[in-house]
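Q: Below is the file protein11.cif, which contains mmCIF, N, CA, C and O atoms.
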```
data_run
#
loop_
_atom_site.label_atom_id
_atom_site.label_comp_id
_atom_site.auth_asym_id
_atom_site.auth_seq_id
_atom_site.Cartn_x
_atom_site.Cartn_y
_atom_site.Cartn_z
N MET A 29 -2.74 -14.30 -14.64
CA MET A 29 -3.34 -13.48 -13.60
C MET A 29 -2.26 -12.58 -13.00
O MET A 29 -1.11 -12.93 -12.96
N ALA A 30 -2.69 -11.42 -12.50
CA ALA A 30 -1.74 -10.46 -11.95
C ALA A 30 -2.07 -10.16 -10.49
O ALA A 30 -3.21 -10.29 -10.06
N CYS A 31 -1.07 -9.74 -9.77
CA CYS A 31 -1.23 -9.35 -8.37
C CYS A 31 -2.19 -8.16 -8.28
O CYS A 31 -2.02 -7.17 -9.00
N THR A 32 -3.20 -8.26 -7.43
CA THR A 32 -4.16 -7.18 -7.29
C THR A 32 -3.60 -5.99 -6.52
O THR A 32 -4.21 -4.92 -6.51
N ASN A 33 -2.44 -6.14 -5.90
CA ASN A 33 -1.82 -5.04 -5.16
C ASN A 33 -0.86 -4.25 -6.05
O ASN A 33 -0.95 -3.04 -6.14
N CYS A 34 0.07 -4.93 -6.71
CA CYS A 34 1.10 -4.23 -7.48
C CYS A 34 0.96 -4.38 -9.00
O CYS A 34 1.62 -3.67 -9.74
N GLY A 35 0.16 -5.35 -9.44
CA GLY A 35 -0.05 -5.53 -10.87
C GLY A 35 0.92 -6.47 -11.55
O GLY A 35 0.78 -6.74 -12.74
N ASP A 36 1.93 -6.95 -10.83
CA ASP A 36 2.89 -7.87 -11.43
C ASP A 36 2.22 -9.21 -11.72
O ASP A 36 1.40 -9.69 -10.94
N GLY A 37 2.59 -9.80 -12.83
CA GLY A 37 2.07 -11.12 -13.18
C GLY A 37 3.03 -12.19 -12.71
O GLY A 37 4.00 -11.94 -12.01
N GLY A 38 2.74 -13.41 -13.09
CA GLY A 38 3.65 -14.50 -12.73
C GLY A 38 3.13 -15.33 -11.60
O GLY A 38 1.97 -15.73 -11.57
N ASP A 39 3.98 -15.58 -10.62
CA ASP A 39 3.69 -16.48 -9.51
C ASP A 39 2.80 -15.77 -8.48
O ASP A 39 3.30 -15.07 -7.59
N VAL A 40 1.49 -15.92 -8.63
CA VAL A 40 0.54 -15.29 -7.71
C VAL A 40 -0.33 -16.36 -7.05
O VAL A 40 -0.44 -17.48 -7.57
N GLU A 41 -0.92 -16.01 -5.92
CA GLU A 41 -1.75 -16.95 -5.17
C GLU A 41 -2.94 -16.19 -4.59
O GLU A 41 -2.83 -15.03 -4.23
N GLY A 42 -4.09 -16.86 -4.51
CA GLY A 42 -5.29 -16.25 -3.95
C GLY A 42 -5.29 -16.31 -2.43
O GLY A 42 -4.92 -17.32 -1.84
N TYR A 43 -5.72 -15.22 -1.80
CA TYR A 43 -5.78 -15.13 -0.34
C TYR A 43 -7.08 -14.46 0.07
O TYR A 43 -7.62 -13.64 -0.67
N THR A 44 -7.55 -14.80 1.26
CA THR A 44 -8.57 -14.00 1.93
C THR A 44 -7.80 -13.11 2.88
O THR A 44 -7.07 -13.58 3.74
N VAL A 45 -7.92 -11.79 2.69
CA VAL A 45 -7.20 -10.83 3.51
C VAL A 45 -8.21 -10.22 4.47
O VAL A 45 -9.26 -9.72 4.07
N ARG A 46 -7.88 -10.26 5.75
CA ARG A 46 -8.77 -9.76 6.80
C ARG A 46 -8.12 -8.56 7.47
O ARG A 46 -7.02 -8.66 8.01
N PHE A 47 -8.81 -7.42 7.40
CA PHE A 47 -8.33 -6.18 8.01
C PHE A 47 -9.07 -5.99 9.33
O PHE A 47 -10.30 -5.89 9.34
N THR A 48 -8.34 -5.96 10.45
CA THR A 48 -8.96 -5.88 11.77
C THR A 48 -8.64 -4.60 12.52
O THR A 48 -9.23 -4.35 13.56
N GLN A 49 -7.75 -3.81 12.03
CA GLN A 49 -7.30 -2.62 12.76
C GLN A 49 -8.26 -1.45 12.53
O GLN A 49 -8.61 -1.14 11.41
N GLY A 50 -8.70 -0.83 13.63
CA GLY A 50 -9.47 0.40 13.54
C GLY A 50 -10.94 0.24 13.25
O GLY A 50 -11.63 1.22 13.04
N THR A 51 -11.46 -0.99 13.23
CA THR A 51 -12.88 -1.18 12.99
C THR A 51 -13.45 -2.16 14.00
O THR A 51 -12.73 -2.99 14.53
N THR A 52 -14.73 -2.05 14.26
CA THR A 52 -15.37 -3.00 15.17
C THR A 52 -15.65 -4.32 14.45
O THR A 52 -15.58 -5.37 15.05
N GLU A 53 -15.96 -4.24 13.16
CA GLU A 53 -16.19 -5.44 12.35
C GLU A 53 -15.02 -5.60 11.37
O GLU A 53 -14.72 -4.67 10.62
N PRO A 54 -14.37 -6.75 11.37
CA PRO A 54 -13.28 -6.97 10.42
C PRO A 54 -13.81 -6.92 8.97
O PRO A 54 -14.94 -7.31 8.71
N THR A 55 -12.98 -6.44 8.08
CA THR A 55 -13.29 -6.41 6.66
C THR A 55 -12.48 -7.50 5.98
O THR A 55 -11.28 -7.61 6.20
N GLU A 56 -13.15 -8.32 5.15
CA GLU A 56 -12.45 -9.37 4.41
C GLU A 56 -12.54 -9.09 2.92
O GLU A 56 -13.57 -8.65 2.43
N MET A 57 -11.43 -9.35 2.23
CA MET A 57 -11.36 -9.18 0.78
C MET A 57 -10.65 -10.38 0.19
O MET A 57 -9.72 -10.92 0.80
N GLU A 58 -11.08 -10.78 -0.98
CA GLU A 58 -10.39 -11.83 -1.73
C GLU A 58 -9.39 -11.13 -2.65
O GLU A 58 -9.79 -10.32 -3.49
N LEU A 59 -8.10 -11.41 -2.47
CA LEU A 59 -7.06 -10.80 -3.28
C LEU A 59 -6.15 -11.86 -3.87
O LEU A 59 -5.98 -12.94 -3.30
N VAL A 60 -5.56 -11.53 -5.00
CA VAL A 60 -4.52 -12.36 -5.60
C VAL A 60 -3.22 -11.59 -5.43
O VAL A 60 -3.11 -10.44 -5.86
N LEU A 61 -2.26 -12.21 -4.73
CA LEU A 61 -1.03 -11.51 -4.38
C LEU A 61 0.20 -12.27 -4.85
O LEU A 61 0.25 -13.49 -4.79
N CYS A 62 1.22 -11.51 -5.27
CA CYS A 62 2.53 -12.10 -5.55
C CYS A 62 3.22 -12.36 -4.20
O CYS A 62 2.77 -11.89 -3.15
N ALA A 63 4.30 -13.09 -4.21
CA ALA A 63 5.00 -13.45 -2.98
C ALA A 63 5.48 -12.21 -2.22
O ALA A 63 5.39 -12.15 -0.99
N THR A 64 5.96 -11.20 -2.92
CA THR A 64 6.47 -9.99 -2.28
C THR A 64 5.35 -9.24 -1.56
O THR A 64 5.49 -8.86 -0.40
N CYS A 65 4.23 -9.06 -2.23
CA CYS A 65 3.11 -8.34 -1.61
C CYS A 65 2.50 -9.15 -0.48
O CYS A 65 2.12 -8.58 0.55
N ALA A 66 2.42 -10.46 -0.63
CA ALA A 66 1.90 -11.31 0.46
C ALA A 66 2.76 -11.15 1.70
O ALA A 66 2.24 -11.02 2.82
N GLU A 67 4.07 -11.12 1.52
CA GLU A 67 4.97 -10.96 2.67
C GLU A 67 4.79 -9.58 3.31
O GLU A 67 4.79 -9.45 4.53
N GLU A 68 4.60 -8.55 2.50
CA GLU A 68 4.38 -7.21 3.03
C GLU A 68 3.08 -7.15 3.83
O GLU A 68 3.02 -6.54 4.90
N PHE A 69 2.02 -7.78 3.33
CA PHE A 69 0.75 -7.81 4.05
C PHE A 69 0.90 -8.55 5.37
O PHE A 69 0.31 -8.15 6.37
N ARG A 70 1.68 -9.63 5.40
CA ARG A 70 1.87 -10.41 6.63
C ARG A 70 2.54 -9.60 7.73
O ARG A 70 2.32 -9.86 8.91
N THR A 71 3.37 -8.63 7.38
CA THR A 71 4.09 -7.86 8.38
C THR A 71 3.30 -6.64 8.87
O THR A 71 3.71 -6.00 9.83
N GLU A 72 2.17 -6.34 8.23
CA GLU A 72 1.36 -5.19 8.63
C GLU A 72 0.52 -5.52 9.86
O GLU A 72 -0.13 -6.57 9.90
N PRO A 73 0.49 -4.67 10.86
CA PRO A 73 -0.39 -4.90 12.02
C PRO A 73 -1.86 -4.76 11.61
O PRO A 73 -2.19 -3.90 10.79
N GLY A 74 -2.70 -5.63 12.12
CA GLY A 74 -4.12 -5.56 11.83
C GLY A 74 -4.52 -6.19 10.52
O GLY A 74 -5.64 -5.98 10.05
N VAL A 75 -3.61 -6.93 9.89
CA VAL A 75 -3.90 -7.60 8.62
C VAL A 75 -3.57 -9.08 8.77
O VAL A 75 -2.49 -9.43 9.22
N GLU A 76 -4.53 -9.92 8.40
CA GLU A 76 -4.32 -11.37 8.44
C GLU A 76 -4.53 -11.95 7.05
O GLU A 76 -5.47 -11.57 6.35
N LEU A 77 -3.65 -12.85 6.65
CA LEU A 77 -3.82 -13.56 5.38
C LEU A 77 -4.27 -14.98 5.67
O LEU A 77 -3.72 -15.65 6.53
N GLN A 78 -5.25 -15.43 4.93
CA GLN A 78 -5.73 -16.80 5.08
C GLN A 78 -5.72 -17.47 3.74
O GLN A 78 -5.94 -16.88 2.74
#
```
Could the structure of this file be written out as structure tokens, please?
A:
Amino acid sequence: MACTNCGDGGDVEGYTVRFTQGTTEPTEMELVLCATCAEEFRTEPGVELQ
């Protein structure tokens, strides 16, 4: 399986990503992310990883 953000394969994990910035209703997506992309998402304002 490959990271849905950058396309790299290898050590990836499934997450529910919740986008809360700029909308009245949060948007949730199921993504598979590598460790680097997961860390980048965690530092973004308005984004939650579950």
Q: Report as a PyMOL selection string the full result of the PyMOL selection byres ((chain A and resi 58-75) around 6) when it is applied to this structure.
A: chain A and resi 30-33+36+39-49+56-57+76-77
Q: Would you please give, as JSON, numbers by chain, all residues of chain A that DSSP assigns to helix (DSSP H, G or I) based on the backbone?
A: {"A": [63, 64, 65, 66, 67, 68, 69, 70, 71]}
Q: From a backbone DSSP assignment, name each residue in chain A labelled strand (DSSP E or B), as a list in words.
A: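 Matching residues for strand (DSSP E or B) in chain A are Ala30, Gly37, Val40, Glu41, Gly42, Tyr43, Thr44, Val45, Arg46, Phe47, Thr55, Glu56, Met57, Glu58, Leu59, Val60, Leu61, Cys62, Val75, Glu76 and Leu77 of chain A.
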